[in-house]
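> Below is the file start34.pdb, with PDB, C-alpha atoms and all ligand atoms.
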```
MODEL        1
ATOM      1  CA  MET A   1     -88.353  92.612 -63.913  1.00  0.00           C
ATOM      2  CA  ASP A   2     -88.832  90.966 -67.255  1.00  0.00           C
ATOM      3  CA  THR A   3     -87.068  93.866 -68.905  1.00  0.00           C
ATOM      4  CA  LEU A   4     -84.179  93.777 -66.462  1.00  0.00           C
ATOM      5  CA  LEU A   5     -83.652  90.064 -66.991  1.00  0.00           C
ATOM      6  CA  GLY A   6     -84.046  90.503 -70.733  1.00  0.00           C
ATOM      7  CA  GLU A   7     -81.387  93.171 -70.792  1.00  0.00           C
ATOM      8  CA  ALA A   8     -79.027  91.187 -68.620  1.00  0.00           C
ATOM      9  CA  ARG A   9     -79.223  88.117 -70.793  1.00  0.00           C
ATOM     10  CA  LYS A  10     -76.876  87.785 -73.754  1.00  0.00           C
ATOM     11  CA  PRO A  11     -78.612  86.706 -76.975  1.00  0.00           C
ATOM     12  CA  GLU A  12     -77.427  83.095 -77.038  1.00  0.00           C
ATOM     13  CA  PRO A  13     -78.503  80.915 -79.966  1.00  0.00           C
ATOM     14  CA  GLU A  14     -80.915  78.150 -79.091  1.00  0.00           C
ATOM     15  CA  THR A  15     -78.783  75.062 -78.521  1.00  0.00           C
ATOM     16  CA  GLU A  16     -79.853  71.468 -79.078  1.00  0.00           C
ATOM     17  CA  PRO A  17     -77.444  68.606 -78.359  1.00  0.00           C
ATOM     18  CA  LEU A  18     -77.644  65.933 -81.081  1.00  0.00           C
ATOM     19  CA  ALA A  19     -75.220  63.476 -79.501  1.00  0.00           C
ATOM     20  CA  ASP A  20     -72.096  63.469 -77.387  1.00  0.00           C
ATOM     21  CA  GLY A  21     -69.804  65.740 -79.462  1.00  0.00           C
ATOM     22  CA  ALA A  22     -72.537  67.112 -81.765  1.00  0.00           C
ATOM     23  CA  VAL A  23     -74.634  70.216 -81.229  1.00  0.00           C
ATOM     24  CA  LEU A  24     -77.177  72.202 -83.234  1.00  0.00           C
ATOM     25  CA  PHE A  25     -77.211  76.007 -82.838  1.00  0.00           C
ATOM     26  CA  ARG A  26     -80.614  76.976 -84.161  1.00  0.00           C
ATOM     27  CA  GLY A  27     -80.338  80.228 -86.079  1.00  0.00           C
ATOM     28  CA  GLY A  28     -76.623  80.416 -85.242  1.00  0.00           C
ATOM     29  CA  ALA A  29     -75.893  82.016 -88.647  1.00  0.00           C
ATOM     30  CA  ARG A  30     -79.279  83.549 -89.440  1.00  0.00           C
ATOM     31  CA  ALA A  31     -77.911  87.097 -89.393  1.00  0.00           C
ATOM     32  CA  GLU A  32     -75.089  86.155 -91.761  1.00  0.00           C
ATOM     33  CA  ALA A  33     -77.274  84.079 -94.115  1.00  0.00           C
ATOM     34  CA  PRO A  34     -77.797  86.753 -96.808  1.00  0.00           C
ATOM     35  CA  ALA A  35     -74.076  87.572 -96.946  1.00  0.00           C
ATOM     36  CA  LEU A  36     -73.178  83.872 -96.983  1.00  0.00           C
ATOM     37  CA  PHE A  37     -75.535  83.198 -99.872  1.00  0.00           C
ATOM     38  CA  ALA A  38     -74.253  86.202-101.849  1.00  0.00           C
ATOM     39  CA  ALA A  39     -70.694  84.950-101.370  1.00  0.00           C
ATOM     40  CA  VAL A  40     -71.706  81.441-102.467  1.00  0.00           C
ATOM     41  CA  GLN A  41     -73.087  82.893-105.706  1.00  0.00           C
ATOM     42  CA  ALA A  42     -69.795  84.685-106.369  1.00  0.00           C
ATOM     43  CA  ILE A  43     -67.834  81.504-105.609  1.00  0.00           C
ATOM     44  CA  ALA A  44     -70.081  79.549-107.995  1.00  0.00           C
ATOM     45  CA  GLU A  45     -69.328  81.993-110.789  1.00  0.00           C
ATOM     46  CA  ALA A  46     -65.632  81.126-110.529  1.00  0.00           C
ATOM     47  CA  ALA A  47     -66.117  77.449-109.629  1.00  0.00           C
ATOM     48  CA  PRO A  48     -69.515  76.331-110.953  1.00  0.00           C
ATOM     49  CA  PHE A  49     -71.677  73.832-109.084  1.00  0.00           C
ATOM     50  CA  ARG A  50     -71.574  70.418-110.731  1.00  0.00           C
ATOM     51  CA  HIS A  51     -72.952  66.930-110.204  1.00  0.00           C
ATOM     52  CA  MET A  52     -69.975  64.728-109.409  1.00  0.00           C
ATOM     53  CA  THR A  53     -69.730  60.998-110.091  1.00  0.00           C
ATOM     54  CA  THR A  54     -69.126  58.570-107.240  1.00  0.00           C
ATOM     55  CA  PRO A  55     -66.439  55.877-107.436  1.00  0.00           C
ATOM     56  CA  GLY A  56     -69.327  53.449-107.961  1.00  0.00           C
ATOM     57  CA  GLY A  57     -70.393  55.311-111.104  1.00  0.00           C
ATOM     58  CA  PHE A  58     -73.496  57.092-109.788  1.00  0.00           C
ATOM     59  CA  VAL A  59     -74.065  60.766-110.519  1.00  0.00           C
ATOM     60  CA  MET A  60     -74.763  62.593-107.244  1.00  0.00           C
ATOM     61  CA  SER A  61     -78.140  64.336-106.954  1.00  0.00           C
ATOM     62  CA  ILE A  62     -76.577  67.257-105.052  1.00  0.00           C
ATOM     63  CA  ALA A  63     -74.451  69.789-106.932  1.00  0.00           C
ATOM     64  CA  ILE A  64     -71.064  70.642-105.402  1.00  0.00           C
ATOM     65  CA  THR A  65     -68.476  73.397-105.357  1.00  0.00           C
ATOM     66  CA  ASN A  66     -65.862  74.463-102.779  1.00  0.00           C
ATOM     67  CA  CYS A  67     -63.831  77.345-101.479  1.00  0.00           C
ATOM     68  CA  GLY A  68     -60.637  77.394 -99.467  1.00  0.00           C
ATOM     69  CA  ASP A  69     -57.182  75.859 -99.911  1.00  0.00           C
ATOM     70  CA  PHE A  70     -58.668  72.423-100.609  1.00  0.00           C
ATOM     71  CA  GLY A  71     -61.929  71.227-102.106  1.00  0.00           C
ATOM     72  CA  TRP A  72     -63.676  67.884-101.834  1.00  0.00           C
ATOM     73  CA  THR A  73     -64.131  66.109-105.132  1.00  0.00           C
ATOM     74  CA  SER A  74     -65.323  62.747-106.363  1.00  0.00           C
ATOM     75  CA  ASP A  75     -64.878  60.808-109.585  1.00  0.00           C
ATOM     76  CA  ARG A  76     -64.468  57.189-110.719  1.00  0.00           C
ATOM     77  CA  ARG A  77     -61.034  57.092-109.060  1.00  0.00           C
ATOM     78  CA  GLY A  78     -62.348  57.972-105.596  1.00  0.00           C
ATOM     79  CA  TYR A  79     -63.031  60.751-103.130  1.00  0.00           C
ATOM     80  CA  ARG A  80     -60.295  63.224-102.242  1.00  0.00           C
ATOM     81  CA  TYR A  81     -59.400  66.789-101.345  1.00  0.00           C
ATOM     82  CA  ALA A  82     -57.610  68.715-104.089  1.00  0.00           C
ATOM     83  CA  PRO A  83     -56.154  72.253-104.265  1.00  0.00           C
ATOM     84  CA  CYS A  84     -57.582  72.846-107.751  1.00  0.00           C
ATOM     85  CA  ASP A  85     -61.054  72.585-109.214  1.00  0.00           C
ATOM     86  CA  PRO A  86     -60.971  69.653-111.666  1.00  0.00           C
ATOM     87  CA  GLY A  87     -63.596  71.475-113.741  1.00  0.00           C
ATOM     88  CA  THR A  88     -61.595  74.649-114.347  1.00  0.00           C
ATOM     89  CA  GLY A  89     -58.053  73.514-113.490  1.00  0.00           C
ATOM     90  CA  LYS A  90     -57.721  76.601-111.275  1.00  0.00           C
ATOM     91  CA  PRO A  91     -57.318  76.808-107.498  1.00  0.00           C
ATOM     92  CA  TRP A  92     -60.628  76.846-105.622  1.00  0.00           C
ATOM     93  CA  PRO A  93     -61.830  80.377-104.774  1.00  0.00           C
ATOM     94  CA  ALA A  94     -60.438  81.688-101.490  1.00  0.00           C
ATOM     95  CA  MET A  95     -62.479  81.199 -98.338  1.00  0.00           C
ATOM     96  CA  PRO A  96     -63.919  84.622 -97.384  1.00  0.00           C
ATOM     97  CA  PRO A  97     -62.573  85.678 -93.962  1.00  0.00           C
ATOM     98  CA  PHE A  98     -66.078  85.980 -92.515  1.00  0.00           C
ATOM     99  CA  PHE A  99     -66.794  82.336 -93.454  1.00  0.00           C
ATOM    100  CA  ARG A 100     -63.778  81.243 -91.430  1.00  0.00           C
ATOM    101  CA  ALA A 101     -64.654  83.522 -88.509  1.00  0.00           C
ATOM    102  CA  LEU A 102     -68.172  82.124 -88.351  1.00  0.00           C
ATOM    103  CA  ALA A 103     -66.950  78.518 -88.407  1.00  0.00           C
ATOM    104  CA  VAL A 104     -64.190  79.087 -85.862  1.00  0.00           C
ATOM    105  CA  GLY A 105     -66.621  80.854 -83.507  1.00  0.00           C
ATOM    106  CA  ALA A 106     -69.224  78.096 -83.760  1.00  0.00           C
ATOM    107  CA  ALA A 107     -66.609  75.397 -83.161  1.00  0.00           C
ATOM    108  CA  ALA A 108     -65.311  77.184 -80.074  1.00  0.00           C
ATOM    109  CA  ARG A 109     -68.843  77.597 -78.702  1.00  0.00           C
ATOM    110  CA  ALA A 110     -69.334  73.853 -79.163  1.00  0.00           C
ATOM    111  CA  GLY A 111     -66.166  73.087 -77.185  1.00  0.00           C
ATOM    112  CA  PHE A 112     -63.643  72.796 -80.029  1.00  0.00           C
ATOM    113  CA  PRO A 113     -61.262  75.763 -79.697  1.00  0.00           C
ATOM    114  CA  GLY A 114     -58.504  76.247 -82.255  1.00  0.00           C
ATOM    115  CA  PHE A 115     -60.468  75.043 -85.277  1.00  0.00           C
ATOM    116  CA  ALA A 116     -58.519  76.009 -88.423  1.00  0.00           C
ATOM    117  CA  PRO A 117     -60.678  75.157 -91.455  1.00  0.00           C
ATOM    118  CA  ASP A 118     -58.831  75.026 -94.785  1.00  0.00           C
ATOM    119  CA  SER A 119     -61.786  73.757 -96.808  1.00  0.00           C
ATOM    120  CA  CYS A 120     -65.446  74.652 -97.248  1.00  0.00           C
ATOM    121  CA  LEU A 121     -67.556  72.165 -99.185  1.00  0.00           C
ATOM    122  CA  ILE A 122     -70.692  73.752-100.639  1.00  0.00           C
ATOM    123  CA  ASN A 123     -73.608  71.460-101.475  1.00  0.00           C
ATOM    124  CA  ARG A 124     -76.695  72.582-103.358  1.00  0.00           C
ATOM    125  CA  TYR A 125     -79.915  70.572-103.030  1.00  0.00           C
ATOM    126  CA  GLU A 126     -82.820  70.943-105.424  1.00  0.00           C
ATOM    127  CA  PRO A 127     -86.155  69.257-104.668  1.00  0.00           C
ATOM    128  CA  GLY A 128     -85.622  65.488-104.613  1.00  0.00           C
ATOM    129  CA  ALA A 129     -81.853  65.731-104.064  1.00  0.00           C
ATOM    130  CA  ARG A 130     -80.547  63.709-101.138  1.00  0.00           C
ATOM    131  CA  LEU A 131     -77.365  62.572 -99.470  1.00  0.00           C
ATOM    132  CA  SER A 132     -77.247  58.935 -98.488  1.00  0.00           C
ATOM    133  CA  LEU A 133     -75.941  57.834 -95.105  1.00  0.00           C
ATOM    134  CA  HIS A 134     -72.157  58.317 -94.948  1.00  0.00           C
ATOM    135  CA  GLN A 135     -69.206  59.082 -92.691  1.00  0.00           C
ATOM    136  CA  ASP A 136     -66.874  62.024 -93.345  1.00  0.00           C
ATOM    137  CA  LYS A 137     -63.504  60.310 -93.360  1.00  0.00           C
ATOM    138  CA  ASP A 138     -61.494  61.846 -96.205  1.00  0.00           C
ATOM    139  CA  GLU A 139     -60.003  64.558 -93.963  1.00  0.00           C
ATOM    140  CA  LYS A 140     -56.468  64.082 -92.665  1.00  0.00           C
ATOM    141  CA  ARG A 141     -57.196  65.542 -89.239  1.00  0.00           C
ATOM    142  CA  LEU A 142     -60.074  63.609 -87.767  1.00  0.00           C
ATOM    143  CA  ALA A 143     -59.392  65.293 -84.414  1.00  0.00           C
ATOM    144  CA  ALA A 144     -60.832  68.514 -85.863  1.00  0.00           C
ATOM    145  CA  PRO A 145     -64.616  68.962 -85.876  1.00  0.00           C
ATOM    146  CA  ILE A 146     -66.832  69.796 -88.854  1.00  0.00           C
ATOM    147  CA  VAL A 147     -69.035  72.888 -88.871  1.00  0.00           C
ATOM    148  CA  SER A 148     -72.165  72.827 -91.053  1.00  0.00           C
ATOM    149  CA  VAL A 149     -74.266  75.865 -92.014  1.00  0.00           C
ATOM    150  CA  SER A 150     -77.645  75.500 -93.722  1.00  0.00           C
ATOM    151  CA  LEU A 151     -79.154  78.113 -96.052  1.00  0.00           C
ATOM    152  CA  GLY A 152     -82.529  78.263 -97.741  1.00  0.00           C
ATOM    153  CA  LEU A 153     -85.146  75.523 -97.850  1.00  0.00           C
ATOM    154  CA  PRO A 154     -85.442  73.299 -94.777  1.00  0.00           C
ATOM    155  CA  ALA A 155     -84.149  69.722 -94.840  1.00  0.00           C
ATOM    156  CA  ARG A 156     -84.406  66.612 -92.712  1.00  0.00           C
ATOM    157  CA  PHE A 157     -80.952  65.700 -91.461  1.00  0.00           C
ATOM    158  CA  LEU A 158     -80.301  62.076 -90.488  1.00  0.00           C
ATOM    159  CA  PHE A 159     -77.944  61.513 -87.620  1.00  0.00           C
ATOM    160  CA  GLY A 160     -76.993  57.949 -86.705  1.00  0.00           C
ATOM    161  CA  GLY A 161     -74.289  56.187 -84.761  1.00  0.00           C
ATOM    162  CA  LEU A 162     -70.837  54.851 -85.446  1.00  0.00           C
ATOM    163  CA  THR A 163     -72.192  51.873 -87.402  1.00  0.00           C
ATOM    164  CA  ARG A 164     -74.492  51.903 -90.408  1.00  0.00           C
ATOM    165  CA  GLN A 165     -76.822  49.547 -88.512  1.00  0.00           C
ATOM    166  CA  GLU A 166     -77.748  52.110 -85.862  1.00  0.00           C
ATOM    167  CA  LYS A 167     -81.083  53.663 -86.750  1.00  0.00           C
ATOM    168  CA  PRO A 168     -80.614  57.399 -87.455  1.00  0.00           C
ATOM    169  CA  ARG A 169     -82.645  60.104 -85.744  1.00  0.00           C
ATOM    170  CA  ARG A 170     -83.971  62.977 -87.845  1.00  0.00           C
ATOM    171  CA  PHE A 171     -83.582  66.722 -87.218  1.00  0.00           C
ATOM    172  CA  ARG A 172     -85.009  69.595 -89.200  1.00  0.00           C
ATOM    173  CA  LEU A 173     -82.325  72.028 -90.423  1.00  0.00           C
ATOM    174  CA  GLU A 174     -83.487  75.483 -91.473  1.00  0.00           C
ATOM    175  CA  ASN A 175     -81.987  78.622 -92.945  1.00  0.00           C
ATOM    176  CA  GLY A 176     -79.193  79.845 -90.647  1.00  0.00           C
ATOM    177  CA  ASP A 177     -78.915  76.679 -88.557  1.00  0.00           C
ATOM    178  CA  VAL A 178     -75.399  75.605 -87.578  1.00  0.00           C
ATOM    179  CA  VAL A 179     -74.325  72.081 -86.618  1.00  0.00           C
ATOM    180  CA  VAL A 180     -70.937  71.359 -85.068  1.00  0.00           C
ATOM    181  CA  TRP A 181     -69.660  67.881 -84.547  1.00  0.00           C
ATOM    182  CA  GLY A 182     -66.440  66.337 -83.501  1.00  0.00           C
ATOM    183  CA  GLY A 183     -64.857  64.247 -80.780  1.00  0.00           C
ATOM    184  CA  PRO A 184     -66.906  61.117 -80.102  1.00  0.00           C
ATOM    185  CA  ALA A 185     -69.422  62.067 -82.827  1.00  0.00           C
ATOM    186  CA  ARG A 186     -66.875  62.800 -85.558  1.00  0.00           C
ATOM    187  CA  MET A 187     -67.354  59.470 -87.335  1.00  0.00           C
ATOM    188  CA  ALA A 188     -71.136  59.271 -86.938  1.00  0.00           C
ATOM    189  CA  PHE A 189     -73.114  58.173 -89.997  1.00  0.00           C
ATOM    190  CA  HIS A 190     -75.330  60.949 -91.314  1.00  0.00           C
ATOM    191  CA  GLY A 191     -77.291  61.981 -94.401  1.00  0.00           C
ATOM    192  CA  VAL A 192     -80.081  64.152 -95.761  1.00  0.00           C
ATOM    193  CA  ASP A 193     -83.579  63.021 -96.838  1.00  0.00           C
ATOM    194  CA  PRO A 194     -84.790  63.993-100.328  1.00  0.00           C
ATOM    195  CA  LEU A 195     -85.437  67.728-100.282  1.00  0.00           C
ATOM    196  CA  ALA A 196     -89.097  68.762-100.363  1.00  0.00           C
ATOM    197  CA  GLY A 197     -90.192  71.407-102.844  1.00  0.00           C
ATOM    198  CA  GLY A 198     -90.607  75.036-101.868  1.00  0.00           C
ATOM    199  CA  ASN A 199     -89.482  78.554-102.560  1.00  0.00           C
ATOM    200  CA  HIS A 200     -87.267  80.285-100.007  1.00  0.00           C
ATOM    201  CA  PRO A 201     -86.994  84.094 -99.954  1.00  0.00           C
ATOM    202  CA  LEU A 202     -83.192  83.939 -99.825  1.00  0.00           C
ATOM    203  CA  THR A 203     -82.259  80.989-102.041  1.00  0.00           C
ATOM    204  CA  GLY A 204     -85.334  80.266-104.170  1.00  0.00           C
ATOM    205  CA  ARG A 205     -86.037  76.612-104.916  1.00  0.00           C
ATOM    206  CA  CYS A 206     -83.000  75.119-103.233  1.00  0.00           C
ATOM    207  CA  ARG A 207     -81.080  74.458-100.042  1.00  0.00           C
ATOM    208  CA  VAL A 208     -77.372  75.196 -99.743  1.00  0.00           C
ATOM    209  CA  ASN A 209     -75.195  73.589 -97.075  1.00  0.00           C
ATOM    210  CA  LEU A 210     -71.669  74.671 -96.218  1.00  0.00           C
ATOM    211  CA  THR A 211     -69.376  72.309 -94.333  1.00  0.00           C
ATOM    212  CA  PHE A 212     -66.105  73.613 -92.980  1.00  0.00           C
ATOM    213  CA  ARG A 213     -63.329  71.092 -92.537  1.00  0.00           C
ATOM    214  CA  GLN A 214     -59.700  70.767 -91.692  1.00  0.00           C
ATOM    215  CA  ALA A 215     -58.768  68.689 -94.720  1.00  0.00           C
ATOM    216  CA  SER A 216     -54.972  68.751 -94.634  1.00  0.00           C
TER     217      SER A 216
HETATM  218  C1  LIG B 301     -75.896  68.585 -95.407  1.00  0.00           C
HETATM  219  N1  LIG B 301     -73.966  67.650 -94.430  1.00  0.00           N
HETATM  220  O1  LIG B 301     -76.281  68.968 -94.310  1.00  0.00           O
HETATM  221  C2  LIG B 301     -74.790  67.599 -95.536  1.00  0.00           C
HETATM  222  N2  LIG B 301     -71.202  66.217 -92.768  1.00  0.00           N
HETATM  223  O2  LIG B 301     -76.407  68.968 -96.448  1.00  0.00           O
HETATM  224  C3  LIG B 301     -73.033  66.748 -94.155  1.00  0.00           C
HETATM  225  O3  LIG B 301     -72.802  65.790 -94.842  1.00  0.00           O
HETATM  226  C4  LIG B 301     -72.274  66.949 -92.932  1.00  0.00           C
HETATM  227  O4  LIG B 301     -73.764  68.625 -92.106  1.00  0.00           O
HETATM  228  C5  LIG B 301     -70.480  66.335 -91.652  1.00  0.00           C
HETATM  229  C6  LIG B 301     -70.812  67.215 -90.672  1.00  0.00           C
HETATM  230  C7  LIG B 301     -71.920  67.997 -90.811  1.00  0.00           C
HETATM  231  C8  LIG B 301     -72.681  67.879 -91.948  1.00  0.00           C
HETATM  232 FE    FE B 302     -71.070  64.606 -94.302  1.00  0.00          FE
ENDMDL
END
```
Output the file's structure in the form of structure tokens.


Amino acid sequence: MDTLLGEARKPEPETEPLADGAVLFRGGARAEAPALFAAVQAIAEAAPFRHMTTPGGFVMSIAITNCGDFGWTSDRRGYRYAPCDPGTGKPWPAMPPFFRALAVGAAARAGFPGFAPDSCLINRYEPGARLSLHQDKDEKRLAAPIVSVSLGLPARFLFGGLTRQEKPRRFRLENGDVVVWGGPARMAFHGVDPLAGGNHPLTGRCRVNLTFRQAS
């Protein structure tokens, strides 16, 4: 009986709702993780990771690169999406088709069909690196969700409400975990606690997070 039921059941990723409009698919990209990380390394050869400066003059502890038609950048003049890498002056590397397919599939499973990401922001965390509580609001199409894929060392993800005052809840994100959020959760404040040390078989001493967006 067990076997029959086991065979009948489709292998669905373990799903954890984070909030209305936000869902965590545990292991949703675990099978693709090695290929994703290999592609990130190739992207970083063309568009190296770098520590950007915030408009307030702080150097970010995470290192950033991008792929796709637009990439997120920050400097003293502000945050924005740009078609070219300010470091190299060249267009950002193309988004590999399997990146887009993964993001579009996850968005659809979360209830956001028709996602058309034109930007993939790639963040690299080394031990101690963090991302303070923020909203993602530099995208033109706030109706589109964001799809996040975590690779490598685990992190504690902070997920709050629509005001900075609301106390965030914390979720552990591991290699291959996928978070999709949009709709009523799209403007939720969120962040990442300082990364703990460790050595991951895929990524070594770091965590990499990909966020797919519809920037234009
Ligand atoms: C991170 N992620 O997980 C940073 N933003 O390293 C984000 O800032 C983020 O995961 C919007 C939607 C999903 C995210
Ligand atoms: Fe964010």

> Neighbouring residues of ligand LIG 301 (chain B) are defined here as those with any atom at most 7 Å from a ligand atom, counting only C-alpha atoms and all ligand atoms; list them as a list of chain:residue names.

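The residues within 7 Å of ligand LIG 301 (chain B), counting only C-alpha atoms and all ligand atoms, are A:Asn123, A:Leu131, A:Asp136, A:Ile146, A:Val147, A:Ser148, A:Ser150, A:Phe157, A:Val179, A:Val180, A:Trp181, A:His190, A:Gly191, A:Val192, A:Asn209, A:Thr211.
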
> Here's a test: counting all atoms listed in the file, identify every protein, DNA and RNA residue with an atom at most 10 Å from (-76.4, 58.7, -83.7) in the file's coordinate frame, and state them as a list of chain:residue names.

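So the residues meeting the distance criterion are A:Leu18, A:Ala19, A:Asp20, A:Ala22, A:Leu158, A:Phe159, A:Gly160, A:Gly161, A:Leu162, A:Thr163, A:Arg164, A:Glu166, A:Lys167, A:Pro168, A:Arg169, A:Arg170, A:Ala185, A:Met187, A:Ala188, A:Phe189, A:His190.
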
> Please produce a file of the residues just selected, as a short mmCIF file (atom, residue, chain, number, x, y, z; two decimals), in the coordinates of the input, where the atoms kept are C-alpha atoms.


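Contents of selection_16.cif, freshly written:
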```cif
data_model
loop_
_atom_site.label_atom_id
_atom_site.label_comp_id
_atom_site.auth_asym_id
_atom_site.auth_seq_id
_atom_site.Cartn_x
_atom_site.Cartn_y
_atom_site.Cartn_z
CA LEU A 18 -77.64 65.93 -81.08
CA ALA A 19 -75.22 63.48 -79.50
CA ASP A 20 -72.10 63.47 -77.39
CA ALA A 22 -72.54 67.11 -81.76
CA LEU A 158 -80.30 62.08 -90.49
CA PHE A 159 -77.94 61.51 -87.62
CA GLY A 160 -76.99 57.95 -86.70
CA GLY A 161 -74.29 56.19 -84.76
CA LEU A 162 -70.84 54.85 -85.45
CA THR A 163 -72.19 51.87 -87.40
CA ARG A 164 -74.49 51.90 -90.41
CA GLU A 166 -77.75 52.11 -85.86
CA LYS A 167 -81.08 53.66 -86.75
CA PRO A 168 -80.61 57.40 -87.46
CA ARG A 169 -82.64 60.10 -85.74
CA ARG A 170 -83.97 62.98 -87.84
CA ALA A 185 -69.42 62.07 -82.83
CA MET A 187 -67.35 59.47 -87.34
CA ALA A 188 -71.14 59.27 -86.94
CA PHE A 189 -73.11 58.17 -90.00
CA HIS A 190 -75.33 60.95 -91.31
#
```

> Go through A:Leu151, A:Ala143, A:Val59, A:Leu133 and flag the residue nearest ligand FE 302 (chain B), using only C-alpha atoms and all ligand atoms for the distances.

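Going through A:Leu151, A:Ala143, A:Val59, A:Leu133 one by one, the smallest distance to ligand FE 302 (chain B) is for A:Leu133.
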
> What is the distance between atom CA of A:Asp85 and atom CA of A:Ser119, in Å to one decimal?

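Atom-to-atom, atom CA of A:Asp85 and atom CA of A:Ser119 are spaced 12.5 Å apart.
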
> Counting only C-alpha atoms, find the residues whose atoms lie at most 12 Å from (-66.5, 83.8, -86.5) (file coordinates) and write them out as a PyMOL selection string.

chain A and resi 28-29+32+96-109+113-117+147

> Would you output that residue set with C-alpha atoms, as a short mmCIF file (atom, residue, chain, number, x, y, z; two decimals), in the frame of the given file?


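Once written, selection12.cif looks like this:
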```
data_model
loop_
_atom_site.label_atom_id
_atom_site.label_comp_id
_atom_site.auth_asym_id
_atom_site.auth_seq_id
_atom_site.Cartn_x
_atom_site.Cartn_y
_atom_site.Cartn_z
CA GLY A 28 -76.62 80.42 -85.24
CA ALA A 29 -75.89 82.02 -88.65
CA GLU A 32 -75.09 86.16 -91.76
CA PRO A 96 -63.92 84.62 -97.38
CA PRO A 97 -62.57 85.68 -93.96
CA PHE A 98 -66.08 85.98 -92.52
CA PHE A 99 -66.79 82.34 -93.45
CA ARG A 100 -63.78 81.24 -91.43
CA ALA A 101 -64.65 83.52 -88.51
CA LEU A 102 -68.17 82.12 -88.35
CA ALA A 103 -66.95 78.52 -88.41
CA VAL A 104 -64.19 79.09 -85.86
CA GLY A 105 -66.62 80.85 -83.51
CA ALA A 106 -69.22 78.10 -83.76
CA ALA A 107 -66.61 75.40 -83.16
CA ALA A 108 -65.31 77.18 -80.07
CA ARG A 109 -68.84 77.60 -78.70
CA PRO A 113 -61.26 75.76 -79.70
CA GLY A 114 -58.50 76.25 -82.26
CA PHE A 115 -60.47 75.04 -85.28
CA ALA A 116 -58.52 76.01 -88.42
CA PRO A 117 -60.68 75.16 -91.46
CA VAL A 147 -69.04 72.89 -88.87
#
```

> Please evaluate the PyMOL selection byres (((chain A and resi 65-67) around 8) and not hetatm) against the structure above and give the resulting residues as a ChimeraX atom specification.

/A:43-44,47-50,63-64,68-72,92-95,119-123

> Need to verify the contact set: A:Tyr79, 8 Å, only C-alpha atoms, exclusion of same-chain residues closer than 6 positions in sequence. Can you return it as a compact mmCIF listing (two decimals) with C-alpha atoms, in the coordinates of the input?


```txt
# COMPACT_ATOMS: atom_id res chain seq x y z
CA THR A 54 -69.13 58.57 -107.24
CA PRO A 55 -66.44 55.88 -107.44
CA TRP A 72 -63.68 67.88 -101.83
CA THR A 73 -64.13 66.11 -105.13
CA ASP A 138 -61.49 61.85 -96.20
```

> Measuring atom to atom with only C-alpha atoms and all ligand atoms, identify which of A:His200, A:Arg205, A:Arg156, A:Arg186 is nearest to ligand FE 302 (chain B).

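Among A:His200, A:Arg205, A:Arg156, A:Arg186, it is A:Arg186 that comes nearest to ligand FE 302 (chain B).
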
> By how many Å are atom CA of A:Gly176 and atom CA of A:Ala33 apart?

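Rounded to one decimal, the two atoms are 5.8 Å apart.
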
> Using Å and a single decimal, report how far atom CA of A:Pro34 sits from atom CA of A:Pro201.

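Distance reported for this atom pair: 10.1 Å.
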
> May I ask which of the residues A:Gly182, A:Gly56, A:Pro127, A:Gly152 is the closest one to A:Gly78, counting all atoms listed in the file?

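Of A:Gly182, A:Gly56, A:Pro127, A:Gly152, the one nearest A:Gly78, counting all atoms listed in the file, is A:Gly56.
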
> Taking all atoms of stretch 188-199 of chain A that appear in the file, build a box with edges along x, y and z, extend it by 5 Å on every side, and state its centre and edge lengths in Å to one decimal, as JSON.


```
{"center_x": -80.9, "center_y": 68.4, "center_z": -94.9, "size_x": 29.5, "size_y": 30.4, "size_z": 25.9}
```

> What lies within 9 Å of A:Gly27 using all atoms listed in the file, ignoring chain neighbours under 3 positions off, as an mmCIF file with C-alpha atoms, keeping the file's coordinate frame?


```
data_model
loop_
_atom_site.group_PDB
_atom_site.id
_atom_site.type_symbol
_atom_site.label_atom_id
_atom_site.label_comp_id
_atom_site.auth_asym_id
_atom_site.auth_seq_id
_atom_site.Cartn_x
_atom_site.Cartn_y
_atom_site.Cartn_z
ATOM 1 C CA PRO A 13 -78.503 80.915 -79.966
ATOM 2 C CA GLU A 14 -80.915 78.150 -79.091
ATOM 3 C CA ARG A 30 -79.279 83.549 -89.440
ATOM 4 C CA ALA A 31 -77.911 87.097 -89.393
ATOM 5 C CA GLU A 174 -83.487 75.483 -91.473
ATOM 6 C CA ASN A 175 -81.987 78.622 -92.945
ATOM 7 C CA GLY A 176 -79.193 79.845 -90.647
ATOM 8 C CA ASP A 177 -78.915 76.679 -88.557
ATOM 9 C CA VAL A 178 -75.399 75.605 -87.578
#
```

> Kindly indicate which residue among A:Tyr125, A:Tyr81, A:Phe171, A:Phe25 lies nearest to A:Pro194, using all atoms listed in the file for the distances.

A:Tyr125

> For ligand FE 302 (chain B), which residue among A:Val149, A:Cys206, A:Leu195, A:Ala46 is the nearest when counting only C-alpha atoms and all ligand atoms?

A:Val149

> Do you know which residues are at most 8 Å from A:Glu139 counting all atoms listed in the file, after dropping those on the same chain fewer than 6 positions away, and could you put them as a PDB file with C-alpha atoms, in the coordinates of the input?


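Contents of the output file part_9.pdb:
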```pdb
ATOM      1  CA  TYR A  81     -59.400  66.789-101.345  1.00  0.00           C
ATOM      2  CA  ARG A 213     -63.329  71.092 -92.537  1.00  0.00           C
ATOM      3  CA  GLN A 214     -59.700  70.767 -91.692  1.00  0.00           C
ATOM      4  CA  ALA A 215     -58.768  68.689 -94.720  1.00  0.00           C
ATOM      5  CA  SER A 216     -54.972  68.751 -94.634  1.00  0.00           C
TER       6      SER A 216
END
```
